[in-house]
>>> print(open('upload_33.pdb').read())   # PDB, C-alpha atoms
ATOM      1  CA  MET A 253      59.187  35.083 -49.364
ATOM      2  CA  ASN A 254      57.823  37.266 -52.113
ATOM      3  CA  TRP A 255      54.050  37.658 -51.705
ATOM      4  CA  LEU A 256      53.581  36.755 -55.362
ATOM      5  CA  ASP A 257      55.045  33.300 -54.737
ATOM      6  CA  SER A 258      52.033  32.465 -52.546
ATOM      7  CA  VAL A 259      49.670  33.059 -55.447
ATOM      8  CA  LYS A 260      48.648  30.045 -57.508
ATOM      9  CA  PHE A 261      48.450  30.987 -61.141
ATOM     10  CA  ASP A 262      46.809  28.428 -63.425
ATOM     11  CA  GLN A 263      48.413  26.478 -66.273
ATOM     12  CA  ASP A 264      48.227  29.616 -68.414
ATOM     13  CA  GLY A 265      49.901  31.679 -65.693
ATOM     14  CA  LEU A 266      46.660  33.497 -64.860
ATOM     15  CA  ILE A 267      44.438  34.083 -61.847
ATOM     16  CA  PRO A 268      40.893  35.503 -61.864
ATOM     17  CA  ALA A 269      40.465  38.846 -60.094
ATOM     18  CA  ILE A 270      37.100  40.121 -58.904
ATOM     19  CA  ALA A 271      36.727  43.895 -58.757
ATOM     20  CA  GLN A 272      34.237  44.973 -56.134
ATOM     21  CA  ASP A 273      33.056  48.520 -55.470
ATOM     22  CA  ALA A 274      34.699  49.479 -52.183
ATOM     23  CA  HIS A 275      31.726  51.599 -51.140
ATOM     24  CA  THR A 276      28.645  49.693 -52.296
ATOM     25  CA  GLY A 277      30.031  46.151 -52.363
ATOM     26  CA  ARG A 278      28.713  45.626 -55.867
ATOM     27  CA  ILE A 279      30.707  43.154 -57.952
ATOM     28  CA  LEU A 280      31.689  45.176 -61.002
ATOM     29  CA  MET A 281      33.728  42.803 -63.154
ATOM     30  CA  VAL A 282      35.959  39.760 -63.241
ATOM     31  CA  ALA A 283      39.129  39.731 -65.302
ATOM     32  CA  TRP A 284      42.405  37.834 -65.403
ATOM     33  CA  MET A 285      45.853  38.732 -64.113
ATOM     34  CA  ASN A 286      49.239  37.274 -64.775
ATOM     35  CA  ARG A 287      52.049  37.748 -62.269
ATOM     36  CA  GLU A 288      53.131  41.048 -63.790
ATOM     37  CA  ALA A 289      49.579  42.436 -63.820
ATOM     38  CA  LEU A 290      49.110  41.537 -60.161
ATOM     39  CA  GLN A 291      52.457  43.087 -59.220
ATOM     40  CA  LEU A 292      51.607  46.280 -61.121
ATOM     41  CA  THR A 293      48.154  46.404 -59.522
ATOM     42  CA  ALA A 294      49.748  46.287 -56.067
ATOM     43  CA  GLU A 295      52.497  48.778 -56.923
ATOM     44  CA  LYS A 296      50.403  51.372 -58.708
ATOM     45  CA  LYS A 297      47.173  50.732 -56.801
ATOM     46  CA  ARG A 298      45.385  50.689 -60.146
ATOM     47  CA  GLY A 299      43.537  47.782 -61.754
ATOM     48  CA  VAL A 300      45.907  46.132 -64.236
ATOM     49  CA  TYR A 301      44.860  42.912 -65.957
ATOM     50  CA  TRP A 302      45.942  40.502 -68.653
ATOM     51  CA  SER A 303      43.765  40.683 -71.727
ATOM     52  CA  ARG A 304      43.292  37.127 -72.980
ATOM     53  CA  SER A 305      41.793  38.343 -76.254
ATOM     54  CA  ARG A 306      44.626  40.755 -76.996
ATOM     55  CA  GLN A 307      47.325  38.763 -75.179
ATOM     56  CA  LYS A 308      48.800  41.820 -73.521
ATOM     57  CA  LEU A 309      48.697  43.791 -70.305
ATOM     58  CA  TRP A 310      45.561  45.827 -69.954
ATOM     59  CA  HIS A 311      45.718  48.928 -67.777
ATOM     60  CA  LYS A 312      41.995  49.251 -67.136
ATOM     61  CA  GLY A 313      40.893  52.718 -68.212
ATOM     62  CA  GLU A 314      43.782  53.222 -70.627
ATOM     63  CA  GLU A 315      41.331  54.104 -73.387
ATOM     64  CA  SER A 316      38.073  54.793 -71.544
ATOM     65  CA  GLY A 317      39.527  56.773 -68.647
ATOM     66  CA  HIS A 318      37.603  54.415 -66.375
ATOM     67  CA  ILE A 319      40.556  53.783 -64.114
ATOM     68  CA  GLN A 320      40.191  51.598 -61.022
ATOM     69  CA  VAL A 321      41.754  52.892 -57.809
ATOM     70  CA  VAL A 322      42.621  49.837 -55.735
ATOM     71  CA  LYS A 323      42.003  50.079 -51.991
ATOM     72  CA  GLU A 324      42.551  46.464 -50.931
ATOM     73  CA  ILE A 325      43.777  43.181 -52.369
ATOM     74  CA  ARG A 326      42.746  39.834 -50.909
ATOM     75  CA  LEU A 327      43.551  36.201 -51.686
ATOM     76  CA  ASP A 328      41.337  33.201 -51.035
ATOM     77  CA  CYS A 329      42.050  30.022 -49.074
ATOM     78  CA  ASP A 330      43.178  28.123 -52.176
ATOM     79  CA  ALA A 331      45.279  31.094 -53.286
ATOM     80  CA  ASP A 332      43.723  30.904 -56.727
ATOM     81  CA  VAL A 333      41.310  33.869 -56.726
ATOM     82  CA  ILE A 334      41.976  37.568 -56.007
ATOM     83  CA  THR A 335      39.482  40.187 -54.856
ATOM     84  CA  LEU A 336      40.051  43.903 -55.279
ATOM     85  CA  GLN A 337      38.212  46.603 -53.399
ATOM     86  CA  ILE A 338      38.149  49.458 -55.859
ATOM     87  CA  GLU A 339      36.904  52.925 -56.575
ATOM     88  CA  GLN A 340      35.664  52.869 -60.175
ATOM     89  CA  LEU A 341      36.334  56.213 -61.833
ATOM     90  CA  GLY A 342      33.504  57.240 -64.141
ATOM     91  CA  GLY A 343      31.198  54.750 -62.405
ATOM     92  CA  ILE A 344      31.401  52.396 -65.386
ATOM     93  CA  ALA A 345      33.308  49.115 -65.266
ATOM     94  CA  CYS A 346      31.689  47.257 -68.178
ATOM     95  CA  HIS A 347      32.632  47.685 -71.831
ATOM     96  CA  THR A 348      28.888  47.864 -72.599
ATOM     97  CA  GLY A 349      28.767  51.217 -70.768
ATOM     98  CA  ARG A 350      27.124  49.786 -67.666
ATOM     99  CA  GLU A 351      28.208  50.112 -64.048
ATOM    100  CA  SER A 352      28.780  46.372 -63.713
ATOM    101  CA  CYS A 353      29.319  43.494 -66.117
ATOM    102  CA  PHE A 354      26.706  41.530 -64.155
ATOM    103  CA  TYR A 355      23.649  43.200 -65.645
ATOM    104  CA  ARG A 356      21.739  40.018 -66.576
ATOM    105  CA  LYS A 357      19.590  38.342 -63.963
ATOM    106  CA  LEU A 358      17.874  34.971 -64.167
ATOM    107  CA  ASP A 359      14.169  35.655 -63.747
ATOM    108  CA  ASP A 360      11.388  33.412 -62.451
ATOM    109  CA  ASN A 361      10.653  32.214 -65.990
ATOM    110  CA  GLN A 362      14.217  30.942 -66.402
ATOM    111  CA  GLN A 363      15.212  33.735 -68.768
ATOM    112  CA  TRP A 364      18.152  36.089 -68.559
ATOM    113  CA  GLN A 365      16.801  39.612 -68.179
ATOM    114  CA  ILE A 366      18.884  42.745 -68.660
ATOM    115  CA  VAL A 367      18.104  44.697 -65.509
ATOM    116  CA  ASP A 368      20.708  47.491 -65.528
ATOM    117  CA  PRO A 369      20.816  50.550 -67.778
ATOM    118  CA  VAL A 370      23.567  51.592 -70.177
ATOM    119  CA  LEU A 371      24.976  54.723 -68.555
ATOM    120  CA  LYS A 372      27.044  55.810 -71.519
ATOM    121  CA  ASP A 373      27.110  54.748 -75.171
ATOM    122  CA  PRO A 374      30.218  52.563 -75.681
ATOM    123  CA  HIS A 375      30.886  54.435 -78.954
ATOM    124  CA  SER A 376      31.412  57.600 -76.956
ATOM    125  CA  ILE A 377      33.676  55.763 -74.480
ATOM    126  CA  TYR A 378      35.951  53.896 -76.871
ATOM    127  CA  GLU A 379      37.474  54.720 -80.201
ATOM    128  CA  HIS A 380      37.038  51.047 -81.026
ATOM    129  CA  PRO A 381      34.194  49.593 -78.934
ATOM    130  CA  GLN A 382      34.850  46.027 -77.771
ATOM    131  CA  HIS A 383      38.532  46.907 -77.849
ATOM    132  CA  GLU A 384      39.310  47.552 -74.206
ATOM    133  CA  HIS A 385      38.473  44.208 -72.868
TER
ATOM    134  CA  MET B 420      16.210  29.046 -75.977
ATOM    135  CA  ASN B 421      17.227  27.318 -72.790
ATOM    136  CA  TRP B 422      18.880  29.823 -70.452
ATOM    137  CA  LEU B 423      21.786  27.414 -69.943
ATOM    138  CA  ASP B 424      22.661  27.633 -73.644
ATOM    139  CA  SER B 425      23.603  31.301 -73.137
ATOM    140  CA  VAL B 426      26.219  30.354 -70.579
ATOM    141  CA  LYS B 427      29.778  29.901 -71.822
ATOM    142  CA  PHE B 428      31.394  27.007 -70.039
ATOM    143  CA  ASP B 429      35.157  26.675 -70.498
ATOM    144  CA  GLN B 430      37.027  23.844 -72.220
ATOM    145  CA  ASP B 431      36.489  21.723 -69.103
ATOM    146  CA  GLY B 432      32.764  22.461 -69.140
ATOM    147  CA  LEU B 433      33.018  24.733 -66.105
ATOM    148  CA  ILE B 434      32.208  28.318 -65.144
ATOM    149  CA  PRO B 435      33.362  30.171 -62.020
ATOM    150  CA  ALA B 436      30.592  31.202 -59.628
ATOM    151  CA  ILE B 437      31.045  33.924 -57.028
ATOM    152  CA  ALA B 438      28.914  33.576 -53.907
ATOM    153  CA  GLN B 439      28.172  36.929 -52.321
ATOM    154  CA  ASP B 440      26.338  37.517 -49.057
ATOM    155  CA  ALA B 441      22.961  38.938 -50.092
ATOM    156  CA  HIS B 442      22.783  41.138 -47.004
ATOM    157  CA  THR B 443      26.312  42.434 -46.448
ATOM    158  CA  GLY B 444      27.679  42.179 -49.992
ATOM    159  CA  ARG B 445      30.735  40.331 -48.750
ATOM    160  CA  ILE B 446      32.289  37.953 -51.272
ATOM    161  CA  LEU B 447      32.254  34.628 -49.478
ATOM    162  CA  MET B 448      33.753  32.140 -51.923
ATOM    163  CA  VAL B 449      34.378  31.285 -55.542
ATOM    164  CA  ALA B 450      33.784  27.773 -56.838
ATOM    165  CA  TRP B 451      33.133  26.083 -60.162
ATOM    166  CA  MET B 452      29.928  24.857 -61.733
ATOM    167  CA  ASN B 453      29.267  22.575 -64.653
ATOM    168  CA  ARG B 454      25.979  22.761 -66.511
ATOM    169  CA  GLU B 455      24.265  20.341 -64.169
ATOM    170  CA  ALA B 456      25.441  22.189 -61.052
ATOM    171  CA  LEU B 457      24.153  25.488 -62.429
ATOM    172  CA  GLN B 458      20.827  23.944 -63.353
ATOM    173  CA  LEU B 459      20.460  22.395 -59.904
ATOM    174  CA  THR B 460      21.419  25.686 -58.252
ATOM    175  CA  ALA B 461      18.618  27.454 -60.142
ATOM    176  CA  GLU B 462      16.069  24.685 -59.543
ATOM    177  CA  LYS B 463      16.730  24.077 -55.876
ATOM    178  CA  LYS B 464      17.829  27.627 -55.012
ATOM    179  CA  ARG B 465      20.770  26.093 -53.185
ATOM    180  CA  GLY B 466      24.469  26.461 -53.973
ATOM    181  CA  VAL B 467      25.536  23.404 -55.959
ATOM    182  CA  TYR B 468      29.025  23.272 -57.439
ATOM    183  CA  TRP B 469      31.406  20.966 -59.245
ATOM    184  CA  SER B 470      34.280  19.831 -57.062
ATOM    185  CA  ARG B 471      37.371  19.780 -59.257
ATOM    186  CA  SER B 472      39.353  17.908 -56.612
ATOM    187  CA  ARG B 473      36.738  15.197 -56.157
ATOM    188  CA  GLN B 474      35.381  15.361 -59.722
ATOM    189  CA  LYS B 475      31.795  15.221 -58.585
ATOM    190  CA  LEU B 476      28.823  17.434 -57.810
ATOM    191  CA  TRP B 477      29.173  19.221 -54.533
ATOM    192  CA  HIS B 478      25.999  20.248 -52.771
ATOM    193  CA  LYS B 479      27.514  22.939 -50.570
ATOM    194  CA  GLY B 480      26.670  22.143 -46.951
ATOM    195  CA  GLU B 481      26.138  18.426 -47.584
ATOM    196  CA  GLU B 482      28.574  17.602 -44.798
ATOM    197  CA  SER B 483      28.919  20.856 -42.866
ATOM    198  CA  GLY B 484      25.269  21.896 -42.895
ATOM    199  CA  HIS B 485      26.458  25.238 -44.221
ATOM    200  CA  ILE B 486      23.895  25.348 -46.990
ATOM    201  CA  GLN B 487      23.653  28.365 -49.273
ATOM    202  CA  VAL B 488      20.160  29.698 -49.991
ATOM    203  CA  VAL B 489      20.312  31.341 -53.404
ATOM    204  CA  LYS B 490      18.391  34.598 -53.840
ATOM    205  CA  GLU B 491      19.632  35.736 -57.236
ATOM    206  CA  ILE B 492      21.730  34.469 -60.130
ATOM    207  CA  ARG B 493      23.484  36.829 -62.532
ATOM    208  CA  LEU B 494      25.641  36.400 -65.612
ATOM    209  CA  ASP B 495      28.320  38.779 -66.871
ATOM    210  CA  CYS B 496      28.713  40.444 -70.271
ATOM    211  CA  ASP B 497      30.992  37.685 -71.589
ATOM    212  CA  ALA B 498      28.644  35.028 -70.177
ATOM    213  CA  ASP B 499      31.592  33.298 -68.543
ATOM    214  CA  VAL B 500      31.183  34.216 -64.858
ATOM    215  CA  ILE B 501      28.187  33.722 -62.551
ATOM    216  CA  THR B 502      27.356  35.650 -59.379
ATOM    217  CA  LEU B 503      25.053  34.303 -56.692
ATOM    218  CA  GLN B 504      23.401  36.391 -54.014
ATOM    219  CA  ILE B 505      23.129  33.993 -51.115
ATOM    220  CA  GLU B 506      22.171  33.565 -47.520
ATOM    221  CA  GLN B 507      24.947  31.510 -45.942
ATOM    222  CA  LEU B 508      23.518  29.213 -43.281
ATOM    223  CA  GLY B 509      25.820  28.937 -40.284
ATOM    224  CA  GLY B 510      27.605  32.114 -41.341
ATOM    225  CA  ILE B 511      30.604  30.095 -42.536
ATOM    226  CA  ALA B 512      31.414  29.621 -46.211
ATOM    227  CA  CYS B 513      35.097  28.654 -45.967
ATOM    228  CA  HIS B 514      36.399  25.168 -45.237
ATOM    229  CA  THR B 515      38.834  26.775 -42.760
ATOM    230  CA  GLY B 516      35.847  27.664 -40.549
ATOM    231  CA  ARG B 517      35.866  31.331 -41.532
ATOM    232  CA  GLU B 518      33.000  33.453 -42.823
ATOM    233  CA  SER B 519      34.726  34.034 -46.152
ATOM    234  CA  CYS B 520      37.505  32.357 -48.111
ATOM    235  CA  PHE B 521      39.038  35.805 -48.659
ATOM    236  CA  TYR B 522      40.626  36.164 -45.237
ATOM    237  CA  ARG B 523      44.127  37.161 -46.385
ATOM    238  CA  LYS B 524      44.851  40.783 -47.140
ATOM    239  CA  LEU B 525      47.941  42.245 -48.750
ATOM    240  CA  ASP B 526      49.387  44.677 -46.214
ATOM    241  CA  ASP B 527      51.558  47.757 -46.699
ATOM    242  CA  ASN B 528      54.694  45.640 -46.307
ATOM    243  CA  GLN B 529      53.694  43.408 -49.207
ATOM    244  CA  GLN B 530      52.817  40.483 -46.991
ATOM    245  CA  TRP B 531      49.618  38.445 -46.894
ATOM    246  CA  GLN B 532      48.058  38.938 -43.477
ATOM    247  CA  ILE B 533      45.294  36.758 -42.082
ATOM    248  CA  VAL B 534      42.761  39.334 -40.943
ATOM    249  CA  ASP B 535      39.640  37.265 -40.240
ATOM    250  CA  PRO B 536      39.028  34.885 -37.332
ATOM    251  CA  VAL B 537      38.225  31.184 -37.464
ATOM    252  CA  LEU B 538      34.626  31.052 -36.248
ATOM    253  CA  LYS B 539      34.491  27.285 -35.815
ATOM    254  CA  ASP B 540      37.178  24.601 -35.726
ATOM    255  CA  PRO B 541      37.036  22.728 -39.060
ATOM    256  CA  HIS B 542      37.410  19.453 -37.127
ATOM    257  CA  SER B 543      34.067  20.120 -35.491
ATOM    258  CA  ILE B 544      32.497  21.033 -38.849
ATOM    259  CA  TYR B 545      33.712  18.137 -40.973
ATOM    260  CA  GLU B 546      34.266  14.484 -40.356
ATOM    261  CA  HIS B 547      37.192  14.807 -42.762
ATOM    262  CA  PRO B 548      38.431  18.398 -42.799
ATOM    263  CA  GLN B 549      39.542  19.570 -46.258
ATOM    264  CA  HIS B 550      37.002  17.149 -47.639
ATOM    265  CA  GLU B 551      34.092  19.382 -48.506
ATOM    266  CA  HIS B 552      35.775  21.544 -51.041
TER
END
>>> encode(input="upload_33.pdb", output="structure tokens")
Amino acid sequence: MNWLDSVKFDQDGLIPAIAQDAHTGRILMVAWMNREALQLTAEKKRGVYWSRSRQKLWHKGEESGHIQVVKEIRLDCDADVITLQIEQLGGIACHTGRESCFYRKLDDNQQWQIVDPVLKDPHSIYEHPQHEH
Amino acid sequence: MNWLDSVKFDQDGLIPAIAQDAHTGRILMVAWMNREALQLTAEKKRGVYWSRSRQKLWHKGEESGHIQVVKEIRLDCDADVITLQIEQLGGIACHTGRESCFYRKLDDNQQWQIVDPVLKDPHSIYEHPQHEH
């Protein structure tokens, strides 16, 4: 059986994929994959996703250079979530120029606080900021 | 503004939440929350989810005792994914009796391999295995 046949894609043909830093364990981002994106991720050992906003394959780093080298792919018990252990080139996974997309933390006063710095101005990363997403 | 108003729930009123071991960084499980589940999680500092199969609130550990003590809640840049840093009581997050739901790894022969042991027989954890899910 093809390994892709074990994966349960949702009604839109997508599955969420969590990219985790292989060294630090930090969760860097969550994006969506269709069957082709998952197959390409496994073949090329690079993070390839499906952009829901642009409705096309998204080779992470295609514009920013922030390519993800994939070390391990796992599937959960329900076969409906993927985790990737990755090496994040450039050290920036988020389109805001931060290491991780999870830079807001709920504080004791029930407010979201931005707790992580912007490492690089998105305008110097992307020709069209917000584009690679 | 109420912190919950910043959170983007999907068309079903749900958001995926990733539970990560606060000490080891291991991703233990992914489940869904509605607004009430997220609010309860923040208030009680316990993992509370929405069971899509049972269509009701699911206080993780209600049957198994495998309660999740929540140390930190984060939100991503798109405000549509939550991460939880947790302490997993009993050391078992998965309904199969494993530490993590992500126990299958894609090997070099393009096969999913089960690489993590069952720590406890689900029949000794649950009155009705598959139930708490």
>>> resolve_selection(input="upload_33.pdb", expression="the PyMOL selection byres ((chain B and resi 436) around 9)", output="NGL selection string")
:B and (434-435 or 437-438 or 448-452 or 468 or 500-503)
>>> calpha_fit_and_write(input="upload_33.pdb", fixed="chain A", moving="chain B", output="mmCIF file with C-alpha atoms, in the coordinates of the input")
data_model
loop_
_atom_site.group_PDB
_atom_site.id
_atom_site.type_symbol
_atom_site.label_atom_id
_atom_site.label_comp_id
_atom_site.auth_asym_id
_atom_site.auth_seq_id
_atom_site.Cartn_x
_atom_site.Cartn_y
_atom_site.Cartn_z
ATOM 1 C CA MET B 420 59.162 35.085 -49.363
ATOM 2 C CA ASN B 421 57.812 37.274 -52.113
ATOM 3 C CA TRP B 422 54.049 37.660 -51.704
ATOM 4 C CA LEU B 423 53.569 36.749 -55.371
ATOM 5 C CA ASP B 424 55.052 33.297 -54.744
ATOM 6 C CA SER B 425 52.034 32.471 -52.551
ATOM 7 C CA VAL B 426 49.674 33.072 -55.441
ATOM 8 C CA LYS B 427 48.650 30.052 -57.502
ATOM 9 C CA PHE B 428 48.461 30.995 -61.141
ATOM 10 C CA ASP B 429 46.804 28.444 -63.427
ATOM 11 C CA GLN B 430 48.429 26.487 -66.257
ATOM 12 C CA ASP B 431 48.229 29.623 -68.409
ATOM 13 C CA GLY B 432 49.904 31.692 -65.700
ATOM 14 C CA LEU B 433 46.671 33.502 -64.856
ATOM 15 C CA ILE B 434 44.431 34.094 -61.846
ATOM 16 C CA PRO B 435 40.892 35.510 -61.864
ATOM 17 C CA ALA B 436 40.471 38.851 -60.098
ATOM 18 C CA ILE B 437 37.105 40.122 -58.904
ATOM 19 C CA ALA B 438 36.736 43.896 -58.766
ATOM 20 C CA GLN B 439 34.241 44.978 -56.137
ATOM 21 C CA ASP B 440 33.063 48.518 -55.475
ATOM 22 C CA ALA B 441 34.700 49.477 -52.174
ATOM 23 C CA HIS B 442 31.724 51.600 -51.154
ATOM 24 C CA THR B 443 28.644 49.689 -52.298
ATOM 25 C CA GLY B 444 30.045 46.150 -52.361
ATOM 26 C CA ARG B 445 28.727 45.621 -55.866
ATOM 27 C CA ILE B 446 30.713 43.148 -57.956
ATOM 28 C CA LEU B 447 31.705 45.166 -60.992
ATOM 29 C CA MET B 448 33.745 42.805 -63.156
ATOM 30 C CA VAL B 449 35.966 39.759 -63.246
ATOM 31 C CA ALA B 450 39.143 39.733 -65.312
ATOM 32 C CA TRP B 451 42.414 37.830 -65.402
ATOM 33 C CA MET B 452 45.847 38.743 -64.126
ATOM 34 C CA ASN B 453 49.249 37.268 -64.776
ATOM 35 C CA ARG B 454 52.045 37.753 -62.277
ATOM 36 C CA GLU B 455 53.127 41.041 -63.792
ATOM 37 C CA ALA B 456 49.584 42.439 -63.825
ATOM 38 C CA LEU B 457 49.115 41.544 -60.162
ATOM 39 C CA GLN B 458 52.438 43.090 -59.232
ATOM 40 C CA LEU B 459 51.610 46.280 -61.121
ATOM 41 C CA THR B 460 48.157 46.406 -59.527
ATOM 42 C CA ALA B 461 49.749 46.290 -56.063
ATOM 43 C CA GLU B 462 52.502 48.780 -56.925
ATOM 44 C CA LYS B 463 50.407 51.356 -58.722
ATOM 45 C CA LYS B 464 47.169 50.736 -56.802
ATOM 46 C CA ARG B 465 45.394 50.677 -60.147
ATOM 47 C CA GLY B 466 43.540 47.781 -61.765
ATOM 48 C CA VAL B 467 45.903 46.140 -64.246
ATOM 49 C CA TYR B 468 44.861 42.920 -65.955
ATOM 50 C CA TRP B 469 45.932 40.498 -68.645
ATOM 51 C CA SER B 470 43.753 40.685 -71.732
ATOM 52 C CA ARG B 471 43.293 37.130 -72.968
ATOM 53 C CA SER B 472 41.795 38.343 -76.240
ATOM 54 C CA ARG B 473 44.632 40.750 -76.982
ATOM 55 C CA GLN B 474 47.327 38.750 -75.160
ATOM 56 C CA LYS B 475 48.781 41.810 -73.519
ATOM 57 C CA LEU B 476 48.686 43.797 -70.298
ATOM 58 C CA TRP B 477 45.553 45.826 -69.950
ATOM 59 C CA HIS B 478 45.720 48.917 -67.794
ATOM 60 C CA LYS B 479 42.001 49.246 -67.126
ATOM 61 C CA GLY B 480 40.894 52.719 -68.200
ATOM 62 C CA GLU B 481 43.782 53.210 -70.633
ATOM 63 C CA GLU B 482 41.319 54.074 -73.383
ATOM 64 C CA SER B 483 38.075 54.793 -71.540
ATOM 65 C CA GLY B 484 39.521 56.769 -68.641
ATOM 66 C CA HIS B 485 37.604 54.423 -66.369
ATOM 67 C CA ILE B 486 40.556 53.776 -64.108
ATOM 68 C CA GLN B 487 40.183 51.598 -61.028
ATOM 69 C CA VAL B 488 41.758 52.889 -57.811
ATOM 70 C CA VAL B 489 42.630 49.839 -55.736
ATOM 71 C CA LYS B 490 42.007 50.065 -51.988
ATOM 72 C CA GLU B 491 42.559 46.467 -50.931
ATOM 73 C CA ILE B 492 43.785 43.179 -52.368
ATOM 74 C CA ARG B 493 42.751 39.831 -50.908
ATOM 75 C CA LEU B 494 43.547 36.212 -51.677
ATOM 76 C CA ASP B 495 41.330 33.199 -51.024
ATOM 77 C CA CYS B 496 42.046 30.011 -49.071
ATOM 78 C CA ASP B 497 43.168 28.112 -52.183
ATOM 79 C CA ALA B 498 45.278 31.096 -53.281
ATOM 80 C CA ASP B 499 43.727 30.917 -56.733
ATOM 81 C CA VAL B 500 41.309 33.874 -56.734
ATOM 82 C CA ILE B 501 41.978 37.557 -56.007
ATOM 83 C CA THR B 502 39.484 40.185 -54.848
ATOM 84 C CA LEU B 503 40.058 43.903 -55.279
ATOM 85 C CA GLN B 504 38.212 46.609 -53.400
ATOM 86 C CA ILE B 505 38.152 49.464 -55.863
ATOM 87 C CA GLU B 506 36.902 52.921 -56.579
ATOM 88 C CA GLN B 507 35.673 52.860 -60.172
ATOM 89 C CA LEU B 508 36.340 56.204 -61.835
ATOM 90 C CA GLY B 509 33.504 57.215 -64.136
ATOM 91 C CA GLY B 510 31.197 54.752 -62.403
ATOM 92 C CA ILE B 511 31.400 52.385 -65.379
ATOM 93 C CA ALA B 512 33.320 49.116 -65.262
ATOM 94 C CA CYS B 513 31.688 47.275 -68.179
ATOM 95 C CA HIS B 514 32.630 47.691 -71.829
ATOM 96 C CA THR B 515 28.887 47.878 -72.602
ATOM 97 C CA GLY B 516 28.776 51.233 -70.777
ATOM 98 C CA ARG B 517 27.126 49.797 -67.673
ATOM 99 C CA GLU B 518 28.202 50.125 -64.051
ATOM 100 C CA SER B 519 28.777 46.389 -63.723
ATOM 101 C CA CYS B 520 29.334 43.496 -66.110
ATOM 102 C CA PHE B 521 26.716 41.532 -64.153
ATOM 103 C CA TYR B 522 23.659 43.189 -65.661
ATOM 104 C CA ARG B 523 21.745 40.018 -66.582
ATOM 105 C CA LYS B 524 19.596 38.346 -63.975
ATOM 106 C CA LEU B 525 17.897 34.977 -64.181
ATOM 107 C CA ASP B 526 14.182 35.655 -63.762
ATOM 108 C CA ASP B 527 11.390 33.425 -62.472
ATOM 109 C CA ASN B 528 10.672 32.233 -66.012
ATOM 110 C CA GLN B 529 14.223 30.967 -66.435
ATOM 111 C CA GLN B 530 15.209 33.747 -68.788
ATOM 112 C CA TRP B 531 18.175 36.103 -68.580
ATOM 113 C CA GLN B 532 16.813 39.616 -68.188
ATOM 114 C CA ILE B 533 18.881 42.751 -68.672
ATOM 115 C CA VAL B 534 18.114 44.695 -65.513
ATOM 116 C CA ASP B 535 20.710 47.483 -65.529
ATOM 117 C CA PRO B 536 20.826 50.546 -67.787
ATOM 118 C CA VAL B 537 23.572 51.587 -70.182
ATOM 119 C CA LEU B 538 24.984 54.715 -68.548
ATOM 120 C CA LYS B 539 27.072 55.809 -71.521
ATOM 121 C CA ASP B 540 27.118 54.751 -75.169
ATOM 122 C CA PRO B 541 30.219 52.569 -75.689
ATOM 123 C CA HIS B 542 30.871 54.441 -78.956
ATOM 124 C CA SER B 543 31.421 57.600 -76.952
ATOM 125 C CA ILE B 544 33.669 55.755 -74.478
ATOM 126 C CA TYR B 545 35.930 53.888 -76.882
ATOM 127 C CA GLU B 546 37.457 54.693 -80.206
ATOM 128 C CA HIS B 547 36.986 51.005 -81.001
ATOM 129 C CA PRO B 548 34.158 49.591 -78.897
ATOM 130 C CA GLN B 549 34.799 46.015 -77.723
ATOM 131 C CA HIS B 550 38.465 46.892 -77.808
ATOM 132 C CA GLU B 551 39.258 47.557 -74.183
ATOM 133 C CA HIS B 552 38.457 44.183 -72.802
#
>>> residues_around(input="upload_33.pdb", residues="B:Lys427", least_positions_apart="5", cutoff="12 Å", atoms="all atoms listed in the file", output="ChimeraX atom specification")
/B:422,432-435,452-454,457,494-501
>>> closest_residue(input="upload_33.pdb", among="A:Ser303, A:Gln320, A:Gln365, A:Gln340", to="chain B", atoms="all atoms listed in the file")
A:Gln365
>>> resolve_selection(input="upload_33.pdb", expression="the PyMOL selection byres ((chain A) within 9 of (chain B))", output="count of residues only")
37
>>> residues_around(input="upload_33.pdb", residues="B:Glu481", least_positions_apart="4", cutoff="10 Å", atoms="all atoms listed in the file", output="list of chain:residue names")
B:Val467, B:Trp477, B:His485, B:Ile486, B:Glu551
>>> atom_distance(input="upload_33.pdb", atom1="atom CA of B:Ile505", atom2="atom CA of B:Ala456")
15.6 Å
>>> atom_distance(input="upload_33.pdb", atom1="atom CA of B:Glu546", atom2="atom CA of B:Ile511")
16.2 Å
>>> atom_distance(input="upload_33.pdb", atom1="atom CA of B:Asp424", atom2="atom CA of A:Arg306")
25.8 Å
>>> residues_near_point(input="upload_33.pdb", point="(41.4, 56.0, -53.7)", cutoff="8 Å", atoms="all atoms listed in the file", output="MDAnalysis selection string")
chainID A and resid 321:323 338:339
>>> axis_aligned_box(input="upload_33.pdb", around="stretch 504-513 of chain B", padding_each_side="3 Å", output="lines of an AutoDock Vina configuration file")
center_x = 28.6
center_y = 32.5
center_z = -47.1
size_x = 18.9
size_y = 13.7
size_z = 19.7
>>> decode(input="upload_33.pdb", residues="stretch 537-541 of chain B", atoms="N, CA and C atoms", output="mmCIF file, in the first residue's frame")
data_model
loop_
_atom_site.group_PDB
_atom_site.id
_atom_site.type_symbol
_atom_site.label_atom_id
_atom_site.label_comp_id
_atom_site.auth_asym_id
_atom_site.auth_seq_id
_atom_site.Cartn_x
_atom_site.Cartn_y
_atom_site.Cartn_z
ATOM 1 N N VAL B 537 3.654 1.008 23.447
ATOM 2 C CA VAL B 537 2.451 1.195 24.265
ATOM 3 C C VAL B 537 2.899 1.104 25.721
ATOM 4 N N LEU B 538 2.632 2.158 26.486
ATOM 5 C CA LEU B 538 3.082 2.191 27.878
ATOM 6 C C LEU B 538 2.069 1.529 28.805
ATOM 7 N N LYS B 539 0.800 1.570 28.379
ATOM 8 C CA LYS B 539 -0.264 0.992 29.210
ATOM 9 C C LYS B 539 -1.373 0.511 28.281
ATOM 10 N N ASP B 540 -1.886 -0.677 28.551
ATOM 11 C CA ASP B 540 -2.975 -1.230 27.747
ATOM 12 C C ASP B 540 -4.203 -0.314 27.839
ATOM 13 N N PRO B 541 -4.706 0.148 26.681
ATOM 14 C CA PRO B 541 -5.881 1.038 26.717
ATOM 15 C C PRO B 541 -7.056 0.437 27.492
#
